[in-house]
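Data block below; observations after.
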Amino acid sequence: MSAVLPSSPHVHGPNAVSKVMHQVSLALIPALIAYTWLFGWGVVLNVLIAATVALASEALVLKLRDRPVMATLADGSALVTALLLAIALPPLAPWWLTTLGVAFAIILAKQLYGGLGYNPFNPAMIGYVVLLISFPLEMTSWLAPGELREGALSFAGAVSYVFTGNLPGMTGLDSLTMATPLDTMKTQLGLELTLNEITASSVFGELGGTGWEVVNGLILLGGLFLLFRRIISWHVPVAMLSSLFLASGLFHLINPDHYAGPLFHLFSGGAMLGAFFIATDPVSGATSDKGRLWFGAGVGLLTFIIRTWGGYPDGVAFSVLLMNMAAPTIDYYTQPRVFGHKRG
Amino acid sequence: MVSAILALTALAVVFGVLLGFAAVRFKVKSDPIVDKVDAILPQTQCGQCGFAGCRPYAEAIASGETDINRCPPGGETVILALADLLGVDPKPLDDEVGEEKAKLVAFIDEPICIGCTLCYQACPVDAIAGAAKQMHTIIESECTGCELCVEPCPVDCIYMIPVKESPNTWKWPFPEEEKKA
Amino acid sequence: MSRKLWHFPGGLHLPDNKAMSTGRPSGQSAIPQRLIIPLQQHIGAPAKPLVAVGDRVLKGEMLAKPEGYVSAPVHASSSGTVLAIEEHPVPHPSGLSAPCIIIETDGEDRWAELAPHPDYRQLDPSELRNIIRDAGIVGLGGAGFPAFIKLNPGSRVAIDTLILNGAECEPYITCDDMLMRERAEEVIYGARIMRHALQAKQCLIGIEDNKPEALAAIQDALAHIDDKSIEAVQVPTRYPTGGEKQLIKILTGKEVPSQGLPIDIGIVCHNVATAASVHRAVDLGEPLISRLVTITGHGAAEPQNVEVRIGTPIAGLLEQAGGVNTAPHRLLMGGPMMGFELKNAELPVIKTTNCLLLASAEDSPERGPGRACIRCGACAEVCPALLLPQQIYWYARAKDFDKAQDYNLFDCIECGCCAYVCPSNLPLVQYYRFAKTEIWAQERDKKAADKARERHEFRVFRQDREKEERAAKHKAKAKAVKKNSDEDTKKAAIQAAMERAKAKREAAGIEPKNTENLTEAQRQQIAEAEERRQAMKDQNTSSTAKKEANEE
């Protein structure tokens with residue numbers, strides 16, 4: 001019998017970090033399938049490369065830090081980071097781009113801060129932002145969604161491009177890529193075109209961009225699943241989406257020609273992914289319910305600001321990182337009133 | 001050029017006077033840092049730090065003569081509190097002064113005691129009762145466990161025994177660190 | 001009959017596992033050979049023994065009297081002989097020993113003379129409190145706070161509501177449930193006495209809705225007495241409803257102030273079992289010498305409730321109650337959420353032993369490895385005190401106790417909800433307990449250090465004073481010596497002066513005084529004396545001259 005007896009409680013509920021992470025991964029699957037359907041095999045390659053690199057680099061650092069390797073890998077957090085980054089990268093990204101981003105996310109943004117639970121910033125977003133700043137060309141070479149693309153890219157073709165940079169046959173990459181809807185919107189608004197002129201292009205669908213709206217819709221579905229399973233609380237997504245909706249709606253009302261509508265904002269770029277999968281990351285976010293509302297609202301507002309006036313077409317990643325920085329302060333000012341203490 | 005030099009000189013003089021005035025006007029008589037340090041020290045007066053008691057050690061810490069990690073009875077708690085007070089980094093207990101151990105209390109084997117009063121003279125907190133040629137006894141509640149009485153005893157009748165733990169003084173242990181699986 | 005209820009924040013729905021121990025009517029445990037009665041079974045100072053080794057004691061006799069205000073006596077739970085008064089392991093998370101009175105029973109179970117008070121209404125509240133104090137009644141819900149103190153309304157506020165806690169929210173435990181089912185009237189009688197002692201306006205009995213039989217029994221008993229001021233209230237099942245502050249919030253909507261007591265807001269809360277023993281103490285004169293104990297868990301062969309004498313060794317009791325099914329994984333006193341593990345079964349049942357849980361691996365699985373906190377906030381969601389458990393954990397782990405207290409560590413009721421839901425499987429409650437006991441120890445150390453400083457300073461002062469005194473004495477002595485020699489010289493001077501005067505007198509010839517009125521005879525005598533003196537003088541002179549001549 002051990003000298004020290006365990007303290008109560010002597011029972012434990014079904015919650016576990018690994019379960020949380022696995023559910024998050026599960027919730028991403030429908031969107032990943034749609035993404036692959038629309039943008040081709042490159043997405044699958046992204047996911048495979050990202051997952052391998054994430055697990056390998058996490059294992060490497062854990063070994064160097066003399067921490068339990070297998071038990072920590074099993075918590076599934078590295079896999080979640082890999083999936084989130086893979087889904088945020090262009091569908092036909094060269095292998096080194098994915099590798100670099102994931103390795104940076106896991107090694108620098110996560111493990112060097114002490115591993116899961118200690119990272120002040122969302123690792124996937126750090127990886128994404130580093131790539132966006134360092135390799136703007138590669139990061140903006142998006143494939144056109146399937147229905148807008150001339151000719152499909154075979155699996156072999158995708159493999160060849162991802163690993164060697166060559167495209168088989170006659171196809172040049174230019175014929176396959178096009179600017180993302182957010183990018184198009186930004187450039188063309190800059191050219192003083194009105195919103196109606198811009199959205200007449202086939203890039204735009206009913207809600208957001210063609211194809212994009214489907215992916216974002218499925219991410220929303222995955223998010224609702226996480227809400228239903230009580231993996232995430234409603235505060236962050238609701239606050240973020242409504243602040244994005246309100247901010248964009250307000251400006252759209254003021255000048256419908258110059259500001260994209262709220263639905264376009266919600267169903268474009270990383271809005272849904274950010275709301276349900278990124279900003280809800282508990283480690284780097286605010287912890288109390290009230291704090292989460294502020295945190296989410298901040299992410300939504302900053303996203304709108306960066307999209308509208310900033311230098312980049314999408315702003316979710318930057319907004320999340322900025323709010324990550326503010327999270328400790330938010331936590332400090334949103335402490336709940338303790339039972340039996342006076343209000344205020 | 002000249003006006004600039006004059007202006008700076010004037011400023012220097014004004015601030016000098018102000019500082020001088022403040023130094024005199026707001027002079028603090030006893031050094032409060034010493035009191036604060038002393039308040040943290042465990043007051044065993046054991047001298048393991050190399051000073052003649054807790055107050056001298058506190059004075060030495062306050063004047064920067066010595067380090068904050070030389071108090072074995074205080075151990076980690078005292079080092080952390082001192083580091084916090086003085087705004088320095090905590091460091092592990094200095095090896096040369098000894099190690100942190102469970103709190104002890106002196107015990108006199110009374111039948112052996114010859115009543116020489118040497119222990120009585122050594123005790124820094126008057127926790128030993130007894131007169132010359134009569135056996136002495138420890139006032140347990142007052143003993144700080146400094147061990148200063150052990151050395152002088154000519155018949156080796158003083159032992160240090162660990163303070164008995166009762167359910168009321170028992171402390172929950174620090175949880176085992178997240179196990180390595 | 002529907003009453004407005006409030007909610008407390010946080011909390012959990014837990015599998016209650018209560019049905020397994022309510023299937024059998026409660027039993028009565030046999031007299032053990034030995035009773036081990038700890039002197040401290042309550043919050044406060046240990047009781048002081050009144051008996052000596054070898055004394056014969058009767059059932060119900062007071063063995064040790066309370067020491068100070070916050071204390072309670074202990075009584076013999078059967079007749080026999082005092083075998084020893086010594087340290088014996090007691091049921092406590094530490095597994096340490098404490099002073100106990102050990103009685104060898106004689107099997108006769110002979111009662112001491114009891115003093116019942118059949119009509120409590122004729123007693124004033126203070127008399128009632130004394131009876132309850134002398135009966136050794138402490139809170140039987142688990143904390144063991146002397147009951148008479150909580151029956152003293154003081155003069156600050158009028159007591160509005162007496163709440164009897166029959167919530168019993170902790171899984172597995174059913175002793176209050178069975179007590180209410182089988183002895184509802186005892187609870188009600190106790191409630192009336194307590195209400196009288198407190199002069200409370202109303203009494204509410206809170207019972208969770210997973211105990212419909214208990215509620216029905218209490219309502220039935222209430223129907224038999226005509227007292228509209230007592231009401232049984234069904235409350236939703238949710239852990240930790242049975243927490244005093246939580247039950248008060250549910251029933252009255254009021255929050256007990258942090259660091260405060262229910263009495264501050266005009267409420268007093270007692271356990272239903274405490275009420276039953278108050279009834280026995282007052283109406284029957286019986287002190288608290290036994291209680292209902294739930295013996296349950298998948299390790300127990302016959303889970304049941306048993307009325308057990310205080311001091312009965314647990315091992316024998318378990319054996320008598322059907323023994324074990326499978327070797328239990330661990331033996332807990334109390335429930336799985338707040339109970340503690342017992343190192344062995346050689347410990348006695350005490351006043352606060354509500355449950356002995358023979359937990360199988362299924363009841364209480366081995367705690368898996370903990371992982372890093374991911375700040376998910378699940379703990380904060382379930383915390384009934386609205387704390388931020390993750391922050392307190394962080395600071396407790398860093399041993400930053402000041403910060404932990406800034407985050408209101410001492411508002412934590414250690415209910416265990418946070419640790420139950422923690423996905424990282426962290427032993428959060430142990431971190432809080434660690435921090436609390438460390439802080440208490442530091443406070444004790446601080447007090448001791450202050451005392452030591454004072455004594456050291458006094459010693460230094462005393463040594464200085466002694467030194468000074470010694471120095472002063474020394475000086476005085478030296479001065480005294482000097483003074484003596486002065487006196488000598490003075491004496492010598494006086495002597496010299498006297499001699500000089502004599503010589504002068506002699507040189508000048510003696511001028512006899514008072515010679516006017518002398519008789520003839522006197523004159524004759526003087527003349528003769530003068531002659532002799534002259535002769536002597538001559539002789540002296542001649543001898544001196546001879547001497548001088550010789551020397552030449």
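Ordered as shown in the structure tokens, chains take letters A, B, and onward, while each chain numbers its residues from 1 and ligands are numbered from 1 in the order shown.
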message = I'd like the neighbourhood of segment 67-71 of chain A as a list in words, where a residue qualifies if any of its atoms comes within 12 Å (using only C-alpha atoms), though same-chain residues fewer than 6 positions away should be ignored.
response = Val17, Ser18, Leu55, Ala56, Ser57, Glu58, Ala59, Leu60, Val61, Ser77, Ala78, Gln111, Gly114 and Gly115 of chain A; Glu178, Lys179, Lys180 and Ala181 of chain B; Gly368, Pro369, Gly370, Arg371 and Ala372 of chain C
Write a file of the selected residues as an mmCIF file, in the first residue's frame, keeping N, CA and C atoms.
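Output file result-v1.cif follows:
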data_model
loop_
_atom_site.group_PDB
_atom_site.id
_atom_site.type_symbol
_atom_site.label_atom_id
_atom_site.label_comp_id
_atom_site.auth_asym_id
_atom_site.auth_seq_id
_atom_site.Cartn_x
_atom_site.Cartn_y
_atom_site.Cartn_z
ATOM 1 N N VAL A 17 -8.925 14.492 -22.421
ATOM 2 C CA VAL A 17 -8.366 15.352 -23.453
ATOM 3 C C VAL A 17 -8.380 14.643 -24.797
ATOM 4 N N SER A 18 -7.980 13.367 -24.782
ATOM 5 C CA SER A 18 -7.887 12.656 -26.057
ATOM 6 C C SER A 18 -9.261 12.541 -26.706
ATOM 7 N N LEU A 55 3.088 14.633 -36.099
ATOM 8 C CA LEU A 55 3.378 13.562 -35.148
ATOM 9 C C LEU A 55 4.880 13.375 -34.993
ATOM 10 N N ALA A 56 5.605 13.437 -36.124
ATOM 11 C CA ALA A 56 7.050 13.214 -36.055
ATOM 12 C C ALA A 56 7.731 14.336 -35.271
ATOM 13 N N SER A 57 7.366 15.582 -35.560
ATOM 14 C CA SER A 57 8.072 16.651 -34.856
ATOM 15 C C SER A 57 7.692 16.686 -33.380
ATOM 16 N N GLU A 58 6.421 16.372 -33.092
ATOM 17 C CA GLU A 58 6.019 16.328 -31.683
ATOM 18 C C GLU A 58 6.802 15.228 -30.952
ATOM 19 N N ALA A 59 6.901 14.073 -31.598
ATOM 20 C CA ALA A 59 7.631 12.964 -30.986
ATOM 21 C C ALA A 59 9.091 13.340 -30.761
ATOM 22 N N LEU A 60 9.658 14.001 -31.745
ATOM 23 C CA LEU A 60 11.063 14.390 -31.647
ATOM 24 C C LEU A 60 11.296 15.311 -30.452
ATOM 25 N N VAL A 61 10.471 16.350 -30.370
ATOM 26 C CA VAL A 61 10.672 17.309 -29.274
ATOM 27 C C VAL A 61 10.408 16.654 -27.919
ATOM 28 N N SER A 77 -3.682 15.992 -29.842
ATOM 29 C CA SER A 77 -3.645 17.439 -30.056
ATOM 30 C C SER A 77 -2.785 17.812 -31.256
ATOM 31 N N ALA A 78 -1.710 17.055 -31.487
ATOM 32 C CA ALA A 78 -0.860 17.350 -32.642
ATOM 33 C C ALA A 78 -1.637 17.099 -33.925
ATOM 34 N N GLN A 111 5.557 23.217 -28.604
ATOM 35 C CA GLN A 111 6.428 22.510 -27.670
ATOM 36 C C GLN A 111 7.430 23.419 -26.964
ATOM 37 N N GLY A 114 6.253 24.707 -23.886
ATOM 38 C CA GLY A 114 5.988 23.745 -22.824
ATOM 39 C C GLY A 114 4.984 22.684 -23.231
ATOM 40 N N GLY A 115 4.562 22.697 -24.489
ATOM 41 C CA GLY A 115 3.646 21.659 -24.936
ATOM 42 C C GLY A 115 2.199 22.033 -24.695
ATOM 43 N N GLU B 178 2.211 14.788 -12.521
ATOM 44 C CA GLU B 178 1.571 14.044 -13.590
ATOM 45 C C GLU B 178 2.530 12.930 -14.014
ATOM 46 N N LYS B 179 2.044 11.731 -13.801
ATOM 47 C CA LYS B 179 2.928 10.579 -13.995
ATOM 48 C C LYS B 179 3.415 10.464 -15.438
ATOM 49 N N LYS B 180 4.610 9.996 -15.556
ATOM 50 C CA LYS B 180 5.115 9.699 -16.899
ATOM 51 C C LYS B 180 4.560 8.341 -17.301
ATOM 52 N N ALA B 181 3.823 8.323 -18.350
ATOM 53 C CA ALA B 181 3.243 7.058 -18.758
ATOM 54 C C ALA B 181 4.131 6.377 -19.794
ATOM 55 N N GLY C 368 -6.067 7.521 -13.609
ATOM 56 C CA GLY C 368 -5.095 7.441 -14.687
ATOM 57 C C GLY C 368 -4.077 8.558 -14.572
ATOM 58 N N PRO C 369 -3.101 8.550 -15.477
ATOM 59 C CA PRO C 369 -2.096 9.604 -15.419
ATOM 60 C C PRO C 369 -2.717 10.962 -15.739
ATOM 61 N N GLY C 370 -2.262 11.980 -15.058
ATOM 62 C CA GLY C 370 -2.757 13.323 -15.336
ATOM 63 C C GLY C 370 -2.013 13.910 -16.514
ATOM 64 N N ARG C 371 -2.643 14.853 -17.182
ATOM 65 C CA ARG C 371 -2.007 15.546 -18.296
ATOM 66 C C ARG C 371 -2.003 17.031 -17.983
ATOM 67 N N ALA C 372 -1.428 17.769 -18.903
ATOM 68 C CA ALA C 372 -1.396 19.210 -18.684
ATOM 69 C C ALA C 372 -2.805 19.788 -18.790
#
request  = Within 7 Å of Ala167 of chain C, counting only C-alpha atoms, which residues show up once you throw out same-chain ones fewer than 2 positions away? Write them as a PyMOL selection string, please.
outcome  = chain C and resi 165+169+206-208+241-242
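Excluding segment 38-46 of chain A itself and any same-chain residue fewer than 5 positions from it, the protein and nucleic acid residues within 7 Å of it, counting only C-alpha atoms, are Ala86, Pro91, Leu92, Thr98, Leu143, Ala144, Pro145, Gly146, Leu153, Phe155, Ala158 and Gly211 of chain A.
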Test item: chain B residues at most 10 Å from chain C, counting only C-alpha atoms, as number ranges by chain = B: 38-45, 53-55, 74, 76-77, 80-81, 123-127, 141-144, 165-181
Go ahead and save the picked residues with N, CA and C atoms, as a CSV table (one decimal), in the first residue's frame.
chain,number,residue,atom,x,y,z
B,38,ASP,N,13.2,39.9,8.4
B,38,ASP,CA,13.2,39.3,9.7
B,38,ASP,C,11.8,38.6,9.9
B,39,ALA,N,10.8,39.3,9.5
B,39,ALA,CA,9.4,38.7,9.7
B,39,ALA,C,9.2,37.4,8.9
B,40,ILE,N,10.0,37.2,7.8
B,40,ILE,CA,9.9,36.0,7.0
B,40,ILE,C,10.7,34.9,7.6
B,41,LEU,N,11.8,35.2,8.2
B,41,LEU,CA,12.7,34.2,8.8
B,41,LEU,C,12.0,33.4,9.9
B,42,PRO,N,12.3,32.1,10.1
B,42,PRO,CA,11.6,31.3,11.0
B,42,PRO,C,11.9,31.5,12.5
B,43,GLN,N,12.9,32.4,12.8
B,43,GLN,CA,13.2,32.7,14.2
B,43,GLN,C,13.7,31.6,15.0
B,44,THR,N,14.3,30.6,14.4
B,44,THR,CA,14.9,29.5,15.2
B,44,THR,C,16.1,30.0,15.9
B,45,GLN,N,16.7,31.0,15.4
B,45,GLN,CA,18.0,31.6,16.0
B,45,GLN,C,19.1,30.5,16.0
B,53,GLY,N,22.1,34.8,14.5
B,53,GLY,CA,20.6,34.7,14.8
B,53,GLY,C,19.9,35.2,13.6
B,54,CYS,N,18.6,35.2,13.7
B,54,CYS,CA,17.8,35.6,12.5
B,54,CYS,C,17.9,37.1,12.2
B,55,ARG,N,17.9,37.9,13.2
B,55,ARG,CA,18.0,39.4,12.9
B,55,ARG,C,19.3,39.7,12.2
B,74,GLY,N,14.0,27.4,7.3
B,74,GLY,CA,13.0,28.0,6.5
B,74,GLY,C,12.7,27.3,5.2
B,76,GLU,N,12.4,26.0,1.4
B,76,GLU,CA,11.9,26.5,0.2
B,76,GLU,C,10.9,27.7,0.4
B,77,THR,N,10.1,27.5,1.4
B,77,THR,CA,9.0,28.5,1.6
B,77,THR,C,9.7,29.9,1.9
B,80,LEU,N,11.4,31.3,-1.2
B,80,LEU,CA,10.4,31.9,-2.2
B,80,LEU,C,9.8,33.2,-1.7
B,81,ALA,N,9.6,33.3,-0.4
B,81,ALA,CA,9.0,34.5,0.2
B,81,ALA,C,10.0,35.6,0.1
B,123,CYS,N,20.4,28.1,24.9
B,123,CYS,CA,19.1,28.2,24.3
B,123,CYS,C,18.8,29.6,23.9
B,124,PRO,N,18.5,29.9,22.7
B,124,PRO,CA,18.3,31.3,22.3
B,124,PRO,C,16.9,31.8,22.6
B,125,VAL,N,16.0,30.9,23.0
B,125,VAL,CA,14.6,31.3,23.2
B,125,VAL,C,14.1,31.0,24.6
B,126,ASP,N,15.1,30.7,25.5
B,126,ASP,CA,14.7,30.3,26.9
B,126,ASP,C,13.7,29.2,26.9
B,127,ALA,N,13.9,28.2,26.2
B,127,ALA,CA,12.9,27.1,26.2
B,127,ALA,C,13.3,25.9,27.1
B,141,SER,N,6.7,23.5,23.7
B,141,SER,CA,5.9,24.4,22.8
B,141,SER,C,6.8,25.6,22.5
B,142,GLU,N,7.9,25.8,23.2
B,142,GLU,CA,8.7,27.0,22.9
B,142,GLU,C,10.0,26.6,22.1
B,143,CYS,N,10.3,25.3,22.0
B,143,CYS,CA,11.5,24.9,21.4
B,143,CYS,C,11.4,25.2,19.9
B,144,THR,N,12.5,25.8,19.3
B,144,THR,CA,12.4,26.0,17.9
B,144,THR,C,13.2,25.0,17.1
B,165,GLU,N,3.5,14.4,14.4
B,165,GLU,CA,2.4,15.0,13.6
B,165,GLU,C,1.1,14.4,14.1
B,166,SER,N,0.1,15.3,14.2
B,166,SER,CA,-1.2,14.8,14.6
B,166,SER,C,-2.2,15.1,13.5
B,167,PRO,N,-3.3,14.4,13.5
B,167,PRO,CA,-4.3,14.7,12.4
B,167,PRO,C,-4.6,16.2,12.3
B,168,ASN,N,-4.4,16.9,13.4
B,168,ASN,CA,-4.7,18.4,13.3
B,168,ASN,C,-3.6,19.2,12.6
B,169,THR,N,-2.4,18.7,12.6
B,169,THR,CA,-1.3,19.4,12.0
B,169,THR,C,-0.9,18.8,10.7
B,170,TRP,N,-1.5,17.7,10.4
B,170,TRP,CA,-1.1,17.0,9.2
B,170,TRP,C,-1.3,17.8,7.9
B,171,LYS,N,-0.4,17.7,7.0
B,171,LYS,CA,-0.6,18.5,5.7
B,171,LYS,C,-0.8,17.5,4.6
B,172,TRP,N,-1.8,17.8,3.7
B,172,TRP,CA,-1.9,17.0,2.5
B,172,TRP,C,-0.6,17.2,1.7
B,173,PRO,N,-0.1,16.0,1.2
B,173,PRO,CA,1.1,16.1,0.4
B,173,PRO,C,0.8,16.7,-1.0
B,174,PHE,N,1.9,17.3,-1.6
B,174,PHE,CA,1.8,17.8,-2.9
B,174,PHE,C,1.5,16.6,-3.8
B,175,PRO,N,0.5,16.8,-4.7
B,175,PRO,CA,0.1,15.7,-5.6
B,175,PRO,C,1.3,15.2,-6.4
B,176,GLU,N,1.4,13.9,-6.5
B,176,GLU,CA,2.4,13.3,-7.4
B,176,GLU,C,2.4,14.0,-8.7
B,177,GLU,N,3.5,14.4,-9.2
B,177,GLU,CA,3.5,15.1,-10.5
B,177,GLU,C,2.8,14.2,-11.6
B,178,GLU,N,2.2,14.8,-12.5
B,178,GLU,CA,1.6,14.0,-13.6
B,178,GLU,C,2.5,12.9,-14.0
B,179,LYS,N,2.0,11.7,-13.8
B,179,LYS,CA,2.9,10.6,-14.0
B,179,LYS,C,3.4,10.5,-15.4
B,180,LYS,N,4.6,10.0,-15.6
B,180,LYS,CA,5.1,9.7,-16.9
B,180,LYS,C,4.6,8.3,-17.3
B,181,ALA,N,3.8,8.3,-18.3
B,181,ALA,CA,3.2,7.1,-18.8
B,181,ALA,C,4.1,6.4,-19.8
request  = Please identify all polymer residues within 10 Å of Thr105 of chain C, counting only C-alpha atoms, omitting same-chain residues fewer than 4 positions from it, and present them as JSON, numbers by chain.
outcome  = {"C": [31, 32, 33, 34, 35, 56, 57, 58, 59, 76, 77, 78, 79, 80, 81, 82, 83, 109]}
Selection file, C-alpha atoms, as a CSV table (one decimal), in the first residue's frame:
chain,number,residue,atom,x,y,z
C,31,ILE,CA,-21.4,-5.2,20.9
C,32,PRO,CA,-17.8,-5.5,19.9
C,33,GLN,CA,-15.3,-6.8,22.4
C,34,ARG,CA,-13.4,-3.6,22.3
C,35,LEU,CA,-14.6,-0.1,21.8
C,56,ARG,CA,-15.8,0.5,35.2
C,57,VAL,CA,-18.0,2.5,32.9
C,58,LEU,CA,-21.7,2.2,32.0
C,59,LYS,CA,-23.4,2.6,28.7
C,76,ALA,CA,-19.2,5.0,26.5
C,77,SER,CA,-21.3,3.2,23.9
C,78,SER,CA,-21.6,0.1,26.0
C,79,SER,CA,-20.7,-1.0,29.5
C,80,GLY,CA,-17.2,-2.3,30.4
C,81,THR,CA,-13.8,-1.5,31.7
C,82,VAL,CA,-11.4,1.2,30.6
C,83,LEU,CA,-8.5,-0.8,29.2
C,109,ASP,CA,-24.7,-3.3,27.8
task = Within segment 176-294 of chain C, find each residue whose DSSP state, derived from the backbone, is alpha helix (DSSP H), and express the selection as a ChimeraX atom specification.
result = /C:176-182,184-198,212-224,244-252,272-279
Based on the selection just made, write C-alpha atoms of those residues as a CSV table (one decimal), in the first residue's frame.
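Result went into result29.csv, see below:
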chain,number,residue,atom,x,y,z
C,176,ASP,CA,-30.1,9.6,6.0
C,177,ASP,CA,-32.5,8.2,3.5
C,178,MET,CA,-33.0,5.1,5.7
C,179,LEU,CA,-33.3,7.1,8.8
C,180,MET,CA,-36.0,9.3,7.3
C,181,ARG,CA,-37.8,6.2,6.0
C,182,GLU,CA,-37.7,4.2,9.2
C,184,ALA,CA,-39.2,9.8,10.4
C,185,GLU,CA,-40.9,10.8,13.7
C,186,GLU,CA,-37.5,11.0,15.5
C,187,VAL,CA,-36.4,13.5,12.9
C,188,ILE,CA,-39.6,15.5,13.3
C,189,TYR,CA,-39.4,15.5,17.1
C,190,GLY,CA,-35.8,16.6,16.8
C,191,ALA,CA,-36.8,19.3,14.4
C,192,ARG,CA,-39.3,20.7,16.9
C,193,ILE,CA,-36.8,20.8,19.7
C,194,MET,CA,-34.2,22.5,17.5
C,195,ARG,CA,-36.8,25.0,16.3
C,196,HIS,CA,-37.6,25.8,19.9
C,197,ALA,CA,-34.0,26.2,20.9
C,198,LEU,CA,-33.4,28.6,18.0
C,212,PRO,CA,-39.5,9.6,-2.6
C,213,GLU,CA,-39.9,7.0,0.2
C,214,ALA,CA,-38.1,9.2,2.6
C,215,LEU,CA,-40.1,12.3,1.6
C,216,ALA,CA,-43.4,10.3,2.0
C,217,ALA,CA,-42.3,9.0,5.4
C,218,ILE,CA,-41.5,12.5,6.6
C,219,GLN,CA,-44.7,13.9,5.3
C,220,ASP,CA,-46.6,11.1,6.9
C,221,ALA,CA,-45.0,11.9,10.2
C,222,LEU,CA,-45.7,15.6,9.8
C,223,ALA,CA,-49.3,14.8,9.2
C,224,HIS,CA,-49.5,13.2,12.7
C,244,GLU,CA,-25.0,23.6,3.4
C,245,LYS,CA,-24.5,26.7,1.3
C,246,GLN,CA,-26.0,25.0,-1.7
C,247,LEU,CA,-29.1,23.7,0.1
C,248,ILE,CA,-29.7,27.1,1.7
C,249,LYS,CA,-29.5,28.8,-1.7
C,250,ILE,CA,-32.0,26.3,-3.2
C,251,LEU,CA,-34.5,26.6,-0.4
C,252,THR,CA,-34.3,30.3,0.3
C,272,VAL,CA,-31.6,15.1,9.7
C,273,ALA,CA,-29.6,12.6,11.7
C,274,THR,CA,-28.4,15.3,14.0
C,275,ALA,CA,-32.1,16.2,14.6
C,276,ALA,CA,-32.9,12.6,15.5
C,277,SER,CA,-30.1,12.4,18.0
C,278,VAL,CA,-31.2,15.7,19.5
C,279,HIS,CA,-34.6,14.1,20.1
